[in-house]
Amino acid sequence: MPMPSPRRIDFHVHLIPPFYREAVYAAGAGPAIGRYPDWTPELALGLMDKSGTEVALLSLAQPGVQFGDPNSAAALARRCNDYAAELNVRWPKRFGSFAVVPMWDRDEAIAEINRCLGQRAHQGVCLFASYGEKFLGDPWFDPVLASLNDRDAAVLVHPALHPSSRTLDLPWPGFMMEYVFDTTRAAVNLVFTGAIERFPRIRFVLVHAGGLMPYFAWRLSVAPIIDKRLEQLSQAQVYQRLRRFWYDNALAPTAETFACLKAVARPDRLVFGSDWPFANAAVTTEAVRTYEGVAMPQQQRDAIDRGNALSLFPEFA
């Protein structure tokens, strides 16, 4: 007899509308893997059914709308967000979405946040860990974060390929290491600039288990003892701020990762993620197999698969 479906809510499924893919290619840009994988809502639904996923929360693929002509970014963001909203209406029990924002202009970013969240067409917003040279937590982003804070927004923090990563004398594609570091730098910036305290109502979800955050949390906690130029947070205060984040397990499904997360993340803030289709069907299948092989109480697994997500998005209950 087959096991009952875990009815997972996947925080990390990417959206690649055909018009978006063509716009990226026309601008001479593209994802870190070079070309976009095949994507249709039907392909997404097929993989979801195979992997026990009931709901996929869609977010736009890298590089968002931060490419090409800045003057066209707002229009492209609106078109992509409307496309995602149409999928949500067509399959309301299967798809949700995190809206993309045009961060070239903060006023345009705020306007798109107000449009998407005001209409309740999306579950939250996806922000990249870095835009150009700046990382989230930089005061430049404060007006945008203030708008999200006012709405108690859920914010998926996805890595970008930072300009400094593009100039490294290494042959490896950016997704192998640089994405993990981009998320880590943004999380550290949010913690040590105090942004996570200034905007306490934002529910930040760090993808890929927060990059290096679970592994080197203790090192971060003693940094103020080493360098008096830092805000003199106690170790307990650093850990308290780290526990404010939510963490998905996309491309981080192992027992070792969960052991590190146990000391950093609140158990009710761990959620499931796949990173499909950049993590292709074979990788997603292996990730699910690995995750299901991690020893944990069934109550904890149920919370990661579904229960914790429902505390953010009860509409999928």
# chains A, B, ... in the order shown; residues from 1 in each chain; ligands from 1

$ residues_around --residues "region 224-230 of chain A" --least-positions-apart "4" --cutoff "12 Å" --atoms "only C-alpha atoms" --output "PyMOL selection string"
chain A and resi 189+191-194+218-220+234-238

$ write_last_selection --atoms "N, CA and C atoms" --output "mmCIF file, in the first residue's frame"
data_model
loop_
_atom_site.group_PDB
_atom_site.id
_atom_site.type_symbol
_atom_site.label_atom_id
_atom_site.label_comp_id
_atom_site.auth_asym_id
_atom_site.auth_seq_id
_atom_site.Cartn_x
_atom_site.Cartn_y
_atom_site.Cartn_z
ATOM 1 N N ASN A 189 24.462 40.798 7.084
ATOM 2 C CA ASN A 189 24.199 42.231 6.997
ATOM 3 C C ASN A 189 22.887 42.584 7.690
ATOM 4 N N VAL A 191 21.556 41.044 10.152
ATOM 5 C CA VAL A 191 21.739 40.875 11.598
ATOM 6 C C VAL A 191 22.566 42.012 12.193
ATOM 7 N N PHE A 192 23.727 42.292 11.598
ATOM 8 C CA PHE A 192 24.671 43.211 12.236
ATOM 9 C C PHE A 192 24.431 44.683 11.910
ATOM 10 N N THR A 193 23.616 44.992 10.892
ATOM 11 C CA THR A 193 23.192 46.385 10.716
ATOM 12 C C THR A 193 21.959 46.689 11.546
ATOM 13 N N GLY A 194 21.386 45.659 12.158
ATOM 14 C CA GLY A 194 20.186 45.844 12.959
ATOM 15 C C GLY A 194 18.902 45.898 12.149
ATOM 16 N N TRP A 218 28.299 30.278 15.634
ATOM 17 C CA TRP A 218 29.092 30.572 16.831
ATOM 18 C C TRP A 218 30.193 31.569 16.509
ATOM 19 N N ARG A 219 30.837 31.418 15.363
ATOM 20 C CA ARG A 219 31.882 32.374 14.953
ATOM 21 C C ARG A 219 31.301 33.785 14.873
ATOM 22 N N LEU A 220 30.099 33.909 14.313
ATOM 23 C CA LEU A 220 29.444 35.212 14.266
ATOM 24 C C LEU A 220 29.179 35.742 15.668
ATOM 25 N N SER A 234 25.710 40.629 22.554
ATOM 26 C CA SER A 234 26.147 39.426 23.263
ATOM 27 C C SER A 234 25.951 38.223 22.359
ATOM 28 N N GLN A 235 26.576 37.108 22.727
ATOM 29 C CA GLN A 235 26.371 35.892 21.948
ATOM 30 C C GLN A 235 24.892 35.521 21.915
ATOM 31 N N ALA A 236 24.223 35.669 23.044
ATOM 32 C CA ALA A 236 22.794 35.338 23.089
ATOM 33 C C ALA A 236 21.992 36.227 22.144
ATOM 34 N N GLN A 237 22.367 37.501 22.049
ATOM 35 C CA GLN A 237 21.642 38.409 21.162
ATOM 36 C C GLN A 237 21.848 38.039 19.695
ATOM 37 N N VAL A 238 23.059 37.638 19.335
ATOM 38 C CA VAL A 238 23.309 37.209 17.949
ATOM 39 C C VAL A 238 22.448 36.000 17.619
#

$ closest_atom_pairs --of "region 194-224 of chain A" --to "region 123-130 of chain A" --cutoff "10 Å" --atoms "only C-alpha atoms" --output "tab-separated table"
residue	atom	partner	partner_atom	distance
A:Arg203	CA	A:Gly124	CA	9.4
A:Phe204	CA	A:Leu127	CA	9.6
A:Val205	CA	A:Cys126	CA	9.3
A:Leu206	CA	A:Ala129	CA	9.2

$ closest_atom_pairs --of "region 153-260 of chain A" --to "region 8-31 of chain A" --cutoff "9 Å" --atoms "only C-alpha atoms" --output "Markdown table"
| residue | atom | partner | partner_atom | distance |
| --- | --- | --- | --- | --- |
| A:Leu156 | CA | A:Phe11 | CA | 8.2 |
| A:Val205 | CA | A:Phe11 | CA | 8.9 |
| A:Val207 | CA | A:His12 | CA | 7.6 |
| A:Asp248 | CA | A:Phe11 | CA | 7.1 |
| A:Ala250 | CA | A:His12 | CA | 6.9 |

$ write_last_selection --atoms "N, CA and C atoms" --output "PDB file, in the first residue's frame"
ATOM      1  N   LEU A 156      10.915  35.971   0.728  1.00  0.00           N
ATOM      2  CA  LEU A 156      11.874  34.938   0.365  1.00  0.00           C
ATOM      3  C   LEU A 156      13.158  35.620  -0.081  1.00  0.00           C
ATOM      4  N   VAL A 205      12.598  34.532   4.865  1.00  0.00           N
ATOM      5  CA  VAL A 205      12.856  33.115   4.633  1.00  0.00           C
ATOM      6  C   VAL A 205      14.167  32.996   3.853  1.00  0.00           C
ATOM      7  N   VAL A 207      16.778  30.924   1.828  1.00  0.00           N
ATOM      8  CA  VAL A 207      16.803  29.676   1.062  1.00  0.00           C
ATOM      9  C   VAL A 207      18.106  28.931   1.315  1.00  0.00           C
ATOM     10  N   ASP A 248      14.585  27.482   4.482  1.00  0.00           N
ATOM     11  CA  ASP A 248      14.123  26.331   3.709  1.00  0.00           C
ATOM     12  C   ASP A 248      15.288  25.356   3.506  1.00  0.00           C
ATOM     13  N   ALA A 250      16.086  23.723   0.622  1.00  0.00           N
ATOM     14  CA  ALA A 250      16.382  23.493  -0.788  1.00  0.00           C
ATOM     15  C   ALA A 250      17.878  23.256  -0.985  1.00  0.00           C
TER      16      ALA A 250
END

$ residues_around --residues "region 168-182 of chain A" --least-positions-apart "3" --cutoff "10 Å" --atoms "only C-alpha atoms" --output "list in words"
Pro31, Ala32, Ile33, Gly34, Phe128, Ala129, Ser130, Phe135, His158, Pro159, Ala160, Leu161, His162, Pro163, Ser164, Ser165, Arg185, Ala186, Ala187, Val207, His208, Ala209, Gly210, Gly211, Leu212, Met213 and Phe278 of chain A

$ write_last_selection --atoms "N, CA and C atoms" --output "PDB file, in the first residue's frame"
ATOM      1  N   PRO A  31      20.703  32.720 -16.658  1.00  0.00           N
ATOM      2  CA  PRO A  31      20.946  32.155 -15.332  1.00  0.00           C
ATOM      3  C   PRO A  31      22.382  31.671 -15.182  1.00  0.00           C
ATOM      4  N   ALA A  32      22.739  31.313 -13.954  1.00  0.00           N
ATOM      5  CA  ALA A  32      24.105  30.867 -13.678  1.00  0.00           C
ATOM      6  C   ALA A  32      24.440  29.570 -14.406  1.00  0.00           C
ATOM      7  N   ILE A  33      23.413  28.765 -14.748  1.00  0.00           N
ATOM      8  CA  ILE A  33      23.684  27.511 -15.452  1.00  0.00           C
ATOM      9  C   ILE A  33      23.753  27.706 -16.967  1.00  0.00           C
ATOM     10  N   GLY A  34      23.646  28.954 -17.413  1.00  0.00           N
ATOM     11  CA  GLY A  34      23.814  29.257 -18.824  1.00  0.00           C
ATOM     12  C   GLY A  34      22.505  29.426 -19.564  1.00  0.00           C
ATOM     13  N   PHE A 128      16.191  39.580  -3.812  1.00  0.00           N
ATOM     14  CA  PHE A 128      17.502  38.973  -3.957  1.00  0.00           C
ATOM     15  C   PHE A 128      18.392  39.424  -2.805  1.00  0.00           C
ATOM     16  N   ALA A 129      19.345  38.568  -2.461  1.00  0.00           N
ATOM     17  CA  ALA A 129      20.249  38.873  -1.354  1.00  0.00           C
ATOM     18  C   ALA A 129      21.089  40.102  -1.654  1.00  0.00           C
ATOM     19  N   SER A 130      21.389  40.310  -2.933  1.00  0.00           N
ATOM     20  CA  SER A 130      22.168  41.489  -3.319  1.00  0.00           C
ATOM     21  C   SER A 130      21.626  42.052  -4.619  1.00  0.00           C
ATOM     22  N   PHE A 135      24.035  44.679  -0.455  1.00  0.00           N
ATOM     23  CA  PHE A 135      23.333  43.541   0.129  1.00  0.00           C
ATOM     24  C   PHE A 135      22.155  44.025   0.961  1.00  0.00           C
ATOM     25  N   HIS A 158      16.482  35.226  -1.914  1.00  0.00           N
ATOM     26  CA  HIS A 158      17.144  34.331  -2.871  1.00  0.00           C
ATOM     27  C   HIS A 158      18.483  34.929  -3.288  1.00  0.00           C
ATOM     28  N   PRO A 159      19.519  34.101  -3.437  1.00  0.00           N
ATOM     29  CA  PRO A 159      20.816  34.652  -3.834  1.00  0.00           C
ATOM     30  C   PRO A 159      20.817  35.185  -5.250  1.00  0.00           C
ATOM     31  N   ALA A 160      21.700  36.135  -5.475  1.00  0.00           N
ATOM     32  CA  ALA A 160      22.049  36.617  -6.806  1.00  0.00           C
ATOM     33  C   ALA A 160      23.516  36.260  -7.050  1.00  0.00           C
ATOM     34  N   LEU A 161      23.996  36.568  -8.233  1.00  0.00           N
ATOM     35  CA  LEU A 161      25.414  36.392  -8.516  1.00  0.00           C
ATOM     36  C   LEU A 161      26.067  37.768  -8.396  1.00  0.00           C
ATOM     37  N   HIS A 162      26.698  38.013  -7.246  1.00  0.00           N
ATOM     38  CA  HIS A 162      27.269  39.321  -6.944  1.00  0.00           C
ATOM     39  C   HIS A 162      28.383  39.659  -7.934  1.00  0.00           C
ATOM     40  N   PRO A 163      28.557  40.951  -8.283  1.00  0.00           N
ATOM     41  CA  PRO A 163      29.626  41.320  -9.217  1.00  0.00           C
ATOM     42  C   PRO A 163      30.998  40.810  -8.808  1.00  0.00           C
ATOM     43  N   SER A 164      31.293  40.770  -7.505  1.00  0.00           N
ATOM     44  CA  SER A 164      32.607  40.290  -7.072  1.00  0.00           C
ATOM     45  C   SER A 164      32.791  38.813  -7.393  1.00  0.00           C
ATOM     46  N   SER A 165      31.684  38.059  -7.426  1.00  0.00           N
ATOM     47  CA  SER A 165      31.780  36.637  -7.747  1.00  0.00           C
ATOM     48  C   SER A 165      32.107  36.407  -9.219  1.00  0.00           C
ATOM     49  N   ARG A 185      26.040  36.521   3.175  1.00  0.00           N
ATOM     50  CA  ARG A 185      26.414  37.931   3.356  1.00  0.00           C
ATOM     51  C   ARG A 185      25.190  38.795   3.641  1.00  0.00           C
ATOM     52  N   ALA A 186      24.094  38.514   2.939  1.00  0.00           N
ATOM     53  CA  ALA A 186      22.876  39.287   3.194  1.00  0.00           C
ATOM     54  C   ALA A 186      22.357  39.029   4.604  1.00  0.00           C
ATOM     55  N   ALA A 187      22.366  37.775   5.031  1.00  0.00           N
ATOM     56  CA  ALA A 187      21.870  37.455   6.371  1.00  0.00           C
ATOM     57  C   ALA A 187      22.725  38.111   7.440  1.00  0.00           C
ATOM     58  N   VAL A 207      16.778  30.924   1.828  1.00  0.00           N
ATOM     59  CA  VAL A 207      16.803  29.676   1.062  1.00  0.00           C
ATOM     60  C   VAL A 207      18.106  28.931   1.315  1.00  0.00           C
ATOM     61  N   HIS A 208      18.145  27.672   0.870  1.00  0.00           N
ATOM     62  CA  HIS A 208      19.343  26.832   0.980  1.00  0.00           C
ATOM     63  C   HIS A 208      19.852  26.768   2.420  1.00  0.00           C
ATOM     64  N   ALA A 209      18.917  26.681   3.363  1.00  0.00           N
ATOM     65  CA  ALA A 209      19.245  26.578   4.790  1.00  0.00           C
ATOM     66  C   ALA A 209      20.079  27.756   5.286  1.00  0.00           C
ATOM     67  N   GLY A 210      19.942  28.900   4.610  1.00  0.00           N
ATOM     68  CA  GLY A 210      20.642  30.092   5.069  1.00  0.00           C
ATOM     69  C   GLY A 210      22.098  30.164   4.667  1.00  0.00           C
ATOM     70  N   GLY A 211      22.507  29.376   3.658  1.00  0.00           N
ATOM     71  CA  GLY A 211      23.917  29.400   3.249  1.00  0.00           C
ATOM     72  C   GLY A 211      24.807  28.827   4.330  1.00  0.00           C
ATOM     73  N   LEU A 212      25.764  29.618   4.786  1.00  0.00           N
ATOM     74  CA  LEU A 212      26.680  29.162   5.834  1.00  0.00           C
ATOM     75  C   LEU A 212      26.166  29.449   7.244  1.00  0.00           C
ATOM     76  N   MET A 213      25.040  30.110   7.354  1.00  0.00           N
ATOM     77  CA  MET A 213      24.583  30.575   8.661  1.00  0.00           C
ATOM     78  C   MET A 213      24.548  29.478   9.724  1.00  0.00           C
ATOM     79  N   PHE A 278      15.779  24.488 -11.550  1.00  0.00           N
ATOM     80  CA  PHE A 278      17.244  24.574 -11.627  1.00  0.00           C
ATOM     81  C   PHE A 278      17.873  23.357 -10.966  1.00  0.00           C
TER      82      PHE A 278
END

$ residues_around --residues "region 264-269 of chain A" --least-positions-apart "5" --cutoff "9 Å" --atoms "only C-alpha atoms" --output "ChimeraX atom specification"
/A:205,213-215,217,239-240,242-248,300,303-304,307-309,311

$ closest_residue --among "A:Met103, A:Leu45, A:Leu261, A:Val157" --to "Thr184 (chain A)" --atoms "only C-alpha atoms"
A:Val157

$ select_by_dssp --residues "region 122-211 of chain A" --states "strand (DSSP E or B)" --output "list in words"
Gly124, Val125, Cys126, Leu127, Phe128, Ser130, Tyr131, Lys134, Phe135, Ala154, Val155, Leu156, Val157, His158, Arg203, Phe204, Val205 and Leu206 of chain A

$ atom_distance --atom1 "CA of Val288 (chain A)" --atom2 "CA of Cys260 (chain A)"
19.0 Å

$ atom_distance --atom1 "CA of Tyr36 (chain A)" --atom2 "CA of Ala75 (chain A)"
21.4 Å

$ decode --residues "region 178-237 of chain A" --atoms "C-alpha atoms" --output "compact mmCIF listing (two decimals), in the first residue's frame"
# COMPACT_ATOMS: atom_id res chain seq x y z
CA GLU A 178 28.72 31.86 -4.85
CA TYR A 179 24.96 31.66 -4.33
CA VAL A 180 25.51 30.22 -0.86
CA PHE A 181 27.91 33.06 0.00
CA ASP A 182 25.52 35.70 -1.36
CA THR A 183 22.75 34.54 0.98
CA THR A 184 25.18 34.37 3.89
CA ARG A 185 26.41 37.93 3.36
CA ALA A 186 22.88 39.29 3.19
CA ALA A 187 21.87 37.46 6.37
CA VAL A 188 24.93 38.71 8.25
CA ASN A 189 24.20 42.23 7.00
CA LEU A 190 20.58 42.03 8.16
CA VAL A 191 21.74 40.88 11.60
CA PHE A 192 24.67 43.21 12.24
CA THR A 193 23.19 46.39 10.72
CA GLY A 194 20.19 45.84 12.96
CA ALA A 195 17.78 45.72 10.00
CA ILE A 196 16.19 42.56 11.34
CA GLU A 197 15.40 44.51 14.52
CA ARG A 198 14.25 47.68 12.75
CA PHE A 199 11.78 45.70 10.62
CA PRO A 200 10.61 43.00 13.05
CA ARG A 201 7.34 42.21 11.28
CA ILE A 202 9.00 40.93 8.09
CA ARG A 203 9.16 37.13 7.95
CA PHE A 204 12.49 36.60 6.15
CA VAL A 205 12.86 33.11 4.63
CA LEU A 206 16.49 32.24 3.83
CA VAL A 207 16.80 29.68 1.06
CA HIS A 208 19.34 26.83 0.98
CA ALA A 209 19.25 26.58 4.79
CA GLY A 210 20.64 30.09 5.07
CA GLY A 211 23.92 29.40 3.25
CA LEU A 212 26.68 29.16 5.83
CA MET A 213 24.58 30.58 8.66
CA PRO A 214 23.90 27.30 10.51
CA TYR A 215 27.53 26.22 10.28
CA PHE A 216 29.32 29.36 11.48
CA ALA A 217 26.77 30.90 13.84
CA TRP A 218 29.09 30.57 16.83
CA ARG A 219 31.88 32.37 14.95
CA LEU A 220 29.44 35.21 14.27
CA SER A 221 28.41 35.31 17.91
CA VAL A 222 31.96 36.01 19.12
CA ALA A 223 32.78 38.55 16.37
CA PRO A 224 31.81 41.53 18.60
CA ILE A 225 34.21 40.27 21.28
CA ILE A 226 37.03 40.21 18.71
CA ASP A 227 36.28 43.56 17.04
CA LYS A 228 34.96 46.44 19.14
CA ARG A 229 33.93 48.34 15.98
CA LEU A 230 30.93 46.01 15.69
CA GLU A 231 27.72 46.59 17.59
CA GLN A 232 28.46 44.99 20.94
CA LEU A 233 25.86 42.27 20.80
CA SER A 234 26.15 39.43 23.26
CA GLN A 235 26.37 35.89 21.95
CA ALA A 236 22.79 35.34 23.09
CA GLN A 237 21.64 38.41 21.16
